[in-house]
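Q: Pasting model.tsv here (TSV, C-alpha atoms and all ligand atoms):
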chain	number	residue	atom	x	y	z
D	258	MET	CA	-24.76	7.21	-74.97
D	259	SER	CA	-24.64	5.80	-71.46
D	260	THR	CA	-27.44	6.70	-69.10
D	261	ASP	CA	-25.25	6.01	-66.04
D	262	LEU	CA	-23.29	9.17	-66.71
D	263	HIS	CA	-25.69	11.23	-64.66
D	264	SER	CA	-26.24	8.77	-61.87
D	265	ARG	CA	-22.51	8.39	-61.15
D	266	LYS	CA	-20.97	10.75	-58.62
D	267	THR	CA	-18.17	12.73	-60.22
D	268	ALA	CA	-14.75	11.48	-59.19
D	269	ALA	CA	-12.78	14.50	-58.00
D	270	VAL	CA	-9.63	12.48	-57.31
D	271	GLU	CA	-8.66	9.18	-58.93
D	272	VAL	CA	-5.22	7.76	-58.24
D	273	GLU	CA	-4.04	4.50	-59.81
D	274	ASP	CA	-0.77	2.68	-59.17
D	275	LEU	CA	1.04	5.81	-57.98
D	276	HIS	CA	4.76	5.46	-57.36
D	277	TYR	CA	7.06	8.15	-55.96
D	278	SER	CA	10.70	7.71	-55.00
D	279	ILE	CA	13.19	10.07	-53.40
D	280	GLY	CA	16.65	8.81	-54.33
D	281	SER	CA	16.61	5.08	-53.62
D	282	ARG	CA	13.73	5.38	-51.16
D	283	ARG	CA	10.41	4.18	-52.60
D	284	LEU	CA	7.97	6.27	-50.63
D	285	LEU	CA	4.71	5.63	-52.55
D	286	ARG	CA	4.42	2.14	-54.01
D	287	GLY	CA	1.36	1.38	-56.10
D	288	LEU	CA	-0.99	3.65	-54.20
D	289	THR	CA	-4.68	3.77	-55.18
D	290	LEU	CA	-7.26	6.34	-54.08
D	291	ASP	CA	-10.73	7.41	-55.21
D	292	VAL	CA	-12.56	10.37	-53.71
D	293	ALA	CA	-15.90	11.51	-55.10
D	294	ALA	CA	-17.02	15.13	-55.21
D	295	GLY	CA	-18.90	15.92	-52.01
D	296	SER	CA	-17.10	13.31	-49.90
D	297	SER	CA	-14.27	13.27	-47.38
D	298	VAL	CA	-11.30	11.04	-46.58
D	299	ALA	CA	-8.90	11.17	-43.63
D	300	VAL	CA	-5.34	9.94	-44.12
D	301	THR	CA	-3.36	8.79	-41.09
D	302	GLY	CA	0.03	7.13	-40.74
D	303	PRO	CA	3.30	7.52	-38.85
D	304	SER	CA	5.59	10.49	-39.31
D	305	GLY	CA	7.76	10.06	-42.36
D	306	SER	CA	5.38	7.61	-44.05
D	307	GLY	CA	4.85	9.97	-46.98
D	308	LYS	CA	1.55	11.73	-46.23
D	309	THR	CA	2.79	15.21	-47.11
D	310	THR	CA	4.51	13.79	-50.19
D	311	LEU	CA	1.20	12.26	-51.29
D	312	LEU	CA	-0.58	15.61	-50.92
D	313	CYS	CA	2.23	17.29	-52.90
D	314	CYS	CA	1.67	14.78	-55.73
D	315	LEU	CA	-2.11	15.37	-55.63
D	316	SER	CA	-1.69	19.15	-55.75
D	317	GLY	CA	0.84	18.91	-58.58
D	318	LEU	CA	3.67	20.44	-56.54
D	319	ILE	CA	5.81	17.41	-57.40
D	320	ALA	CA	5.60	15.02	-60.33
D	321	ALA	CA	4.90	11.34	-59.68
D	322	SER	CA	7.52	8.77	-60.68
D	323	SER	CA	4.76	6.76	-62.39
D	324	GLY	CA	1.04	6.10	-62.23
D	325	VAL	CA	-2.14	8.07	-62.83
D	326	ILE	CA	-3.44	11.05	-60.83
D	327	ARG	CA	-6.69	12.35	-62.26
D	328	ILE	CA	-7.97	15.55	-60.68
D	329	ALA	CA	-11.43	16.48	-61.97
D	330	GLY	CA	-10.83	14.04	-64.82
D	331	VAL	CA	-7.42	15.36	-65.95
D	332	ASP	CA	-4.28	13.23	-65.45
D	333	ILE	CA	-1.54	15.37	-63.93
D	334	ALA	CA	0.87	12.60	-62.87
D	335	GLN	CA	3.26	13.16	-65.73
D	336	ALA	CA	2.25	16.72	-66.68
D	337	SER	CA	4.91	19.43	-67.05
D	338	ALA	CA	5.63	21.80	-64.17
D	339	GLY	CA	3.71	24.56	-65.97
D	340	GLU	CA	0.69	22.37	-66.59
D	341	ARG	CA	0.70	21.22	-62.98
D	342	ALA	CA	0.88	24.81	-61.73
D	343	ALA	CA	-2.07	25.81	-63.92
D	344	MET	CA	-4.07	22.82	-62.70
D	345	ARG	CA	-3.24	23.62	-59.08
D	346	LEU	CA	-4.61	27.14	-59.35
D	347	ARG	CA	-7.86	26.02	-60.95
D	348	THR	CA	-8.74	22.79	-59.24
D	349	VAL	CA	-6.91	22.28	-55.92
D	350	GLY	CA	-6.98	24.26	-52.68
D	351	THR	CA	-4.56	23.47	-49.85
D	352	VAL	CA	-4.65	24.19	-46.11
D	353	TYR	CA	-1.41	23.70	-44.14
D	354	GLN	CA	-0.70	23.11	-40.46
D	355	PHE	CA	0.39	26.67	-39.74
D	356	GLY	CA	-1.82	28.40	-42.28
D	357	GLU	CA	1.24	29.57	-44.25
D	358	LEU	CA	-0.31	32.99	-44.82
D	359	LEU	CA	1.54	36.26	-45.39
D	360	PRO	CA	1.37	38.06	-42.01
D	361	GLU	CA	1.81	41.60	-43.39
D	362	LEU	CA	-1.18	41.29	-45.72
D	363	SER	CA	-4.81	41.60	-44.65
D	364	PRO	CA	-6.99	38.47	-44.53
D	365	LEU	CA	-8.76	39.79	-47.64
D	366	GLU	CA	-5.48	40.07	-49.56
D	367	ASN	CA	-4.33	36.63	-48.42
D	368	ALA	CA	-7.58	35.00	-49.50
D	369	ALA	CA	-7.52	36.74	-52.91
D	370	LEU	CA	-3.83	36.10	-53.54
D	371	PRO	CA	-4.03	32.88	-55.62
D	372	VAL	CA	-6.24	34.62	-58.18
D	373	LEU	CA	-4.10	37.79	-58.16
D	374	LEU	CA	-0.91	35.75	-58.69
D	375	ALA	CA	-2.57	33.87	-61.53
D	376	GLY	CA	-3.33	37.18	-63.25
D	377	GLY	CA	-7.09	36.86	-62.70
D	378	ASN	CA	-9.57	39.70	-62.36
D	379	ALA	CA	-8.51	41.56	-59.17
D	380	LYS	CA	-11.85	43.23	-58.52
D	381	LYS	CA	-13.71	39.93	-58.74
D	382	ALA	CA	-11.03	38.22	-56.61
D	383	TYR	CA	-11.58	40.73	-53.78
D	384	VAL	CA	-15.37	40.46	-54.01
D	385	ASP	CA	-15.18	36.64	-53.94
D	386	ALA	CA	-12.62	36.67	-51.10
D	387	GLN	CA	-14.80	39.03	-49.06
D	388	SER	CA	-17.86	36.86	-49.50
D	389	LEU	CA	-15.95	33.68	-48.53
D	390	LEU	CA	-14.47	35.40	-45.45
D	391	ASP	CA	-17.95	36.63	-44.46
D	392	GLU	CA	-19.30	33.13	-44.86
D	393	LEU	CA	-16.44	31.67	-42.82
D	394	GLY	CA	-16.91	34.25	-40.08
D	395	VAL	CA	-13.71	36.31	-40.41
D	396	GLN	CA	-14.47	39.85	-39.21
D	397	ASP	CA	-12.84	43.09	-40.45
D	398	ALA	CA	-11.02	41.19	-43.18
D	399	SER	CA	-9.62	44.23	-44.97
D	400	SER	CA	-8.61	46.40	-42.02
D	401	LYS	CA	-6.22	44.25	-40.00
D	402	LYS	CA	-3.03	42.34	-40.60
D	403	THR	CA	-3.21	38.57	-40.81
D	404	GLY	CA	-0.29	38.32	-38.36
D	405	SER	CA	-2.50	39.72	-35.59
D	406	LEU	CA	-5.12	36.95	-35.90
D	407	SER	CA	-5.55	33.96	-33.58
D	408	GLY	CA	-4.61	30.48	-34.83
D	409	GLY	CA	-8.25	29.58	-35.46
D	410	GLU	CA	-8.90	32.78	-37.42
D	411	ARG	CA	-5.78	32.20	-39.48
D	412	GLN	CA	-7.00	28.74	-40.45
D	413	ARG	CA	-10.34	30.26	-41.54
D	414	VAL	CA	-8.42	32.64	-43.79
D	415	ALA	CA	-6.38	29.68	-45.08
D	416	VAL	CA	-9.64	27.87	-45.88
D	417	ALA	CA	-10.96	30.95	-47.72
D	418	ARG	CA	-7.73	31.10	-49.73
D	419	ALA	CA	-8.04	27.38	-50.52
D	420	LEU	CA	-11.60	27.93	-51.81
D	421	ILE	CA	-11.05	31.09	-53.85
D	422	GLY	CA	-10.47	29.15	-57.10
D	423	ARG	CA	-13.61	27.01	-56.48
D	424	PRO	CA	-11.47	23.85	-56.39
D	425	SER	CA	-12.63	20.30	-57.10
D	426	VAL	CA	-10.56	19.11	-54.15
D	427	VAL	CA	-9.39	20.63	-50.87
D	428	LEU	CA	-6.26	19.10	-49.33
D	429	ALA	CA	-5.50	19.76	-45.66
D	430	ASP	CA	-2.15	18.74	-44.12
D	431	GLU	CA	-2.54	18.44	-40.34
D	432	PRO	CA	-4.80	21.52	-40.33
D	433	THR	CA	-5.52	21.34	-36.61
D	434	GLY	CA	-2.03	20.24	-35.56
D	435	SER	CA	-1.06	23.59	-34.10
D	436	LEU	CA	-4.44	24.45	-32.51
D	437	ASP	CA	-5.88	23.75	-29.06
D	438	GLN	CA	-8.68	21.20	-29.01
D	439	ARG	CA	-11.59	23.63	-28.99
D	440	THR	CA	-10.23	25.72	-31.84
D	441	GLY	CA	-9.26	22.53	-33.66
D	442	ASP	CA	-12.86	21.33	-33.42
D	443	VAL	CA	-14.14	24.59	-34.89
D	444	VAL	CA	-11.71	24.35	-37.81
D	445	ALA	CA	-12.66	20.68	-38.28
D	446	ASP	CA	-16.38	21.65	-38.37
D	447	LEU	CA	-15.53	24.13	-41.07
D	448	LEU	CA	-13.45	21.69	-43.13
D	449	PHE	CA	-15.87	18.75	-42.93
D	450	GLY	CA	-18.71	21.06	-43.96
D	451	LEU	CA	-16.92	21.98	-47.20
D	452	PRO	CA	-17.72	18.93	-49.38
D	453	GLU	CA	-21.45	19.52	-49.08
D	454	ARG	CA	-21.33	23.32	-49.21
D	455	PHE	CA	-18.89	23.60	-52.09
D	456	GLU	CA	-19.34	20.21	-53.84
D	457	CYS	CA	-15.63	19.50	-53.50
D	458	ALA	CA	-13.72	16.46	-52.30
D	459	LEU	CA	-11.83	16.80	-49.01
D	460	ILE	CA	-8.66	14.93	-48.05
D	461	VAL	CA	-7.41	15.61	-44.52
D	462	VAL	CA	-4.08	14.32	-43.20
D	463	THR	CA	-4.28	14.14	-39.42
D	464	HIS	CA	-2.73	12.47	-36.38
D	465	ASN	CA	-5.85	13.17	-34.34
D	466	PRO	CA	-8.20	10.14	-34.23
D	467	GLN	CA	-11.21	12.31	-33.33
D	468	ILE	CA	-10.66	14.49	-36.37
D	469	ALA	CA	-10.08	11.42	-38.58
D	470	ALA	CA	-13.32	9.83	-37.34
D	471	ARG	CA	-15.29	12.74	-38.79
D	472	ALA	CA	-14.35	11.80	-42.34
D	473	GLU	CA	-16.53	9.40	-44.33
D	474	ARG	CA	-13.52	7.07	-44.64
D	475	THR	CA	-10.20	6.78	-42.85
D	476	LEU	CA	-7.21	5.36	-44.72
D	477	GLU	CA	-3.78	4.64	-43.33
D	478	LEU	CA	-0.61	5.20	-45.34
D	479	THR	CA	1.47	2.07	-44.73
D	480	ASP	CA	4.33	0.71	-46.85
D	481	GLY	CA	3.59	3.22	-49.58
D	482	ARG	CA	-0.10	2.36	-49.97
D	483	LEU	CA	-3.39	3.45	-48.49
D	484	ILE	CA	-5.28	0.77	-46.60
D	485	ALA	CA	-8.66	0.98	-44.88
D	486	ASP	CA	-8.13	1.82	-41.23
D	487	SER	CA	-9.80	-0.99	-39.27
D	488	GLU	CA	-10.00	1.09	-36.11
D	489	GLY	CA	-11.34	4.17	-37.84
D	490	GLY	CA	-14.67	2.64	-38.91
D	491	ARG	CA	-17.78	3.42	-36.90
U	501	LIG	N1	12.67	16.70	-50.74
U	501	LIG	C1	13.02	15.65	-50.00
U	501	LIG	N2	14.29	15.16	-50.05
U	501	LIG	C2	14.63	14.08	-49.31
U	501	LIG	N3	13.81	13.44	-48.48
U	501	LIG	C3	12.56	13.88	-48.37
U	501	LIG	C4	12.08	15.02	-49.12
U	501	LIG	N4	10.77	15.23	-48.80
U	501	LIG	C5	10.46	14.27	-47.92
U	501	LIG	N5	11.52	13.47	-47.65
U	501	LIG	C6	11.52	12.29	-46.77
U	501	LIG	O1	10.46	11.46	-47.19
U	501	LIG	C7	9.84	10.88	-46.07
U	501	LIG	C8	8.35	11.17	-46.08
U	501	LIG	O2	8.14	12.55	-45.80
U	501	LIG	P1	6.71	13.19	-45.63
U	501	LIG	O3	5.94	12.98	-46.88
U	501	LIG	O4	6.92	14.58	-45.19
U	501	LIG	O5	6.08	12.28	-44.47
U	501	LIG	P2	4.86	12.58	-43.48
U	501	LIG	O6	4.14	13.79	-43.97
U	501	LIG	O7	4.06	11.32	-43.50
U	501	LIG	O8	5.47	12.79	-42.13
U	501	LIG	C9	10.54	11.38	-44.83
U	501	LIG	O9	11.48	10.41	-44.45
U	501	LIG	C10	11.23	12.65	-45.33
U	501	LIG	O10	12.38	12.88	-44.59
U	502	MG	MG	3.72	15.64	-43.15
Kindly return the structure encoded in the file as structure tokens.
Ligand SMILES: Nc1ncnc2c1ncn2[C@@H]1O[C@H](COP(=O)(O)OP(=O)(O)O)[C@@H](O)[C@H]1O
Ligand SMILES: [Mg+2]
A:
Amino acid sequence: MSTDLHSRKTAAVEVEDLHYSIGSRRLLRGLTLDVAAGSSVAVTGPSGSGKTTLLCCLSGLIAASSGVIRIAGVDIAQASAGERAAMRLRTVGTVYQFGELLPELSPLENAALPVLLAGGNAKKAYVDAQSLLDELGVQDASSKKTGSLSGGERQRVAVARALIGRPSVVLADEPTGSLDQRTGDVVADLLFGLPERFECALIVVTHNPQIAARAERTLELTDGRLIADSEGGR
């Protein structure tokens, strides 16, 4: 038995030779990515370069054309839609630009929803959601409607929802894109604190160089591959 097993950091995300095409357009072309548990990566790149598509492949929303996508050690690249959905609920949490929460529900209900939809234990889901919302500083989480919250509060609820399944990886697609700078900084503080607090990997797509600079590594999506961003290094 190898003794390095314990000294190696667990790989939360391992992508090898990932290809994804839409029609005749080859959007991802031999893309490679490795993100360890507890670490963070920022992904930049022009609009239309395929950043959202990459996150959709990583979260199992779409199937890759070819290649390997291991999330917490399990290859999902060619898994069935049902297998990918099950994986997504257990191991991936996603935060979107506009939160994408249900405005009529309370923050508590929104945060618990992934577990409720998956048929998990409702009582435990609400207890876990409440404790995450407390920890993330969302007040009165059961008594108001999510639609009445500020943009920054909504993103906190979105982060709680992303964490409810204790994911191996949190994906964030332009999470501060619709926030003013101060609120964006607060949400960025929250996101970049997650890898250490929750032992997850964090992948943040962003156009904001200051947000990108907070990640351990910045990669740029160019010509269907991720390359080290020479200007992002500090
Ligand atoms: N379902 C789809 N059908 C056709 N084209 C799509 C689809 N999804 C994305 N695209 C195209 O793929 C390209 C990459 O999109 P996207 O991944 O959203 O880029 P980014 O997030 O980097 O702006 C864009 O040109 C977009 O129009
Ligand atoms: Mg996008």
Q: If the limit is 12 Å from any atom of ligand LIG 501 (chain U), counting all atoms listed in the file, which residues qualify? Return them as a PyMOL selection string.
A: chain D and resi 277-285+300-314+318-319+353-354+429-431+461-464+477-483
Q: Please determine an axis-aligned box that encloses all atoms of range 329-337 of chain D listed in the file, with 4 Å added on each side, and express its centre and edge lengths in Å to one decimal as AutoDock Vina command-line options.
A:
--center_x -3.3 --center_y 16.0 --center_z -64.5 --size_x 24.3 --size_y 14.8 --size_z 13.1
Q: Using all atoms listed in the file, which of D:Lys401, D:Glu357, D:Ala268, D:Val292 sits nearest Leu459 in chain D?
A: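 Among the listed residues, D:Val292 lies closest to Leu459 in chain D.
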Q: Hey, can you check how far CA of Gln335 in chain D sits from CA of Val349 in chain D?
A: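 These atoms are spaced 16.8 Å apart.
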Q: Show me the residues around (-11.6, 26.3, -62.0) - criterion: an atom at most 8 Å away, only C-alpha atoms counted - as number ranges by chain.
A: D: 346-348, 422-425
Q: One decimal, Å: what's the distance from CA of Val416 in chain D over to CA of Val331 in chain D, could you say?
A: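 Between these atoms lies a distance of 23.8 Å.
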Q: Would you list the contacts of Gly295 in chain D as an NGL selection string, taking every protein, DNA or RNA residue within 6 Å and counting all atoms listed in the file, but skipping same-chain residues closer than 6 positions in sequence?
A: :D and (452-453 or 456-458)
Q: Between CA of Ser405 in chain D and CA of Ser363 in chain D, what is the spacing in Å?
A: 9.5 Å
Q: Using all atoms listed in the file, find the one residue out of D:Gly377, D:Gly330, D:Gly434, D:Gly408 that sits nearest to ligand MG 502 (chain U).
A: D:Gly434
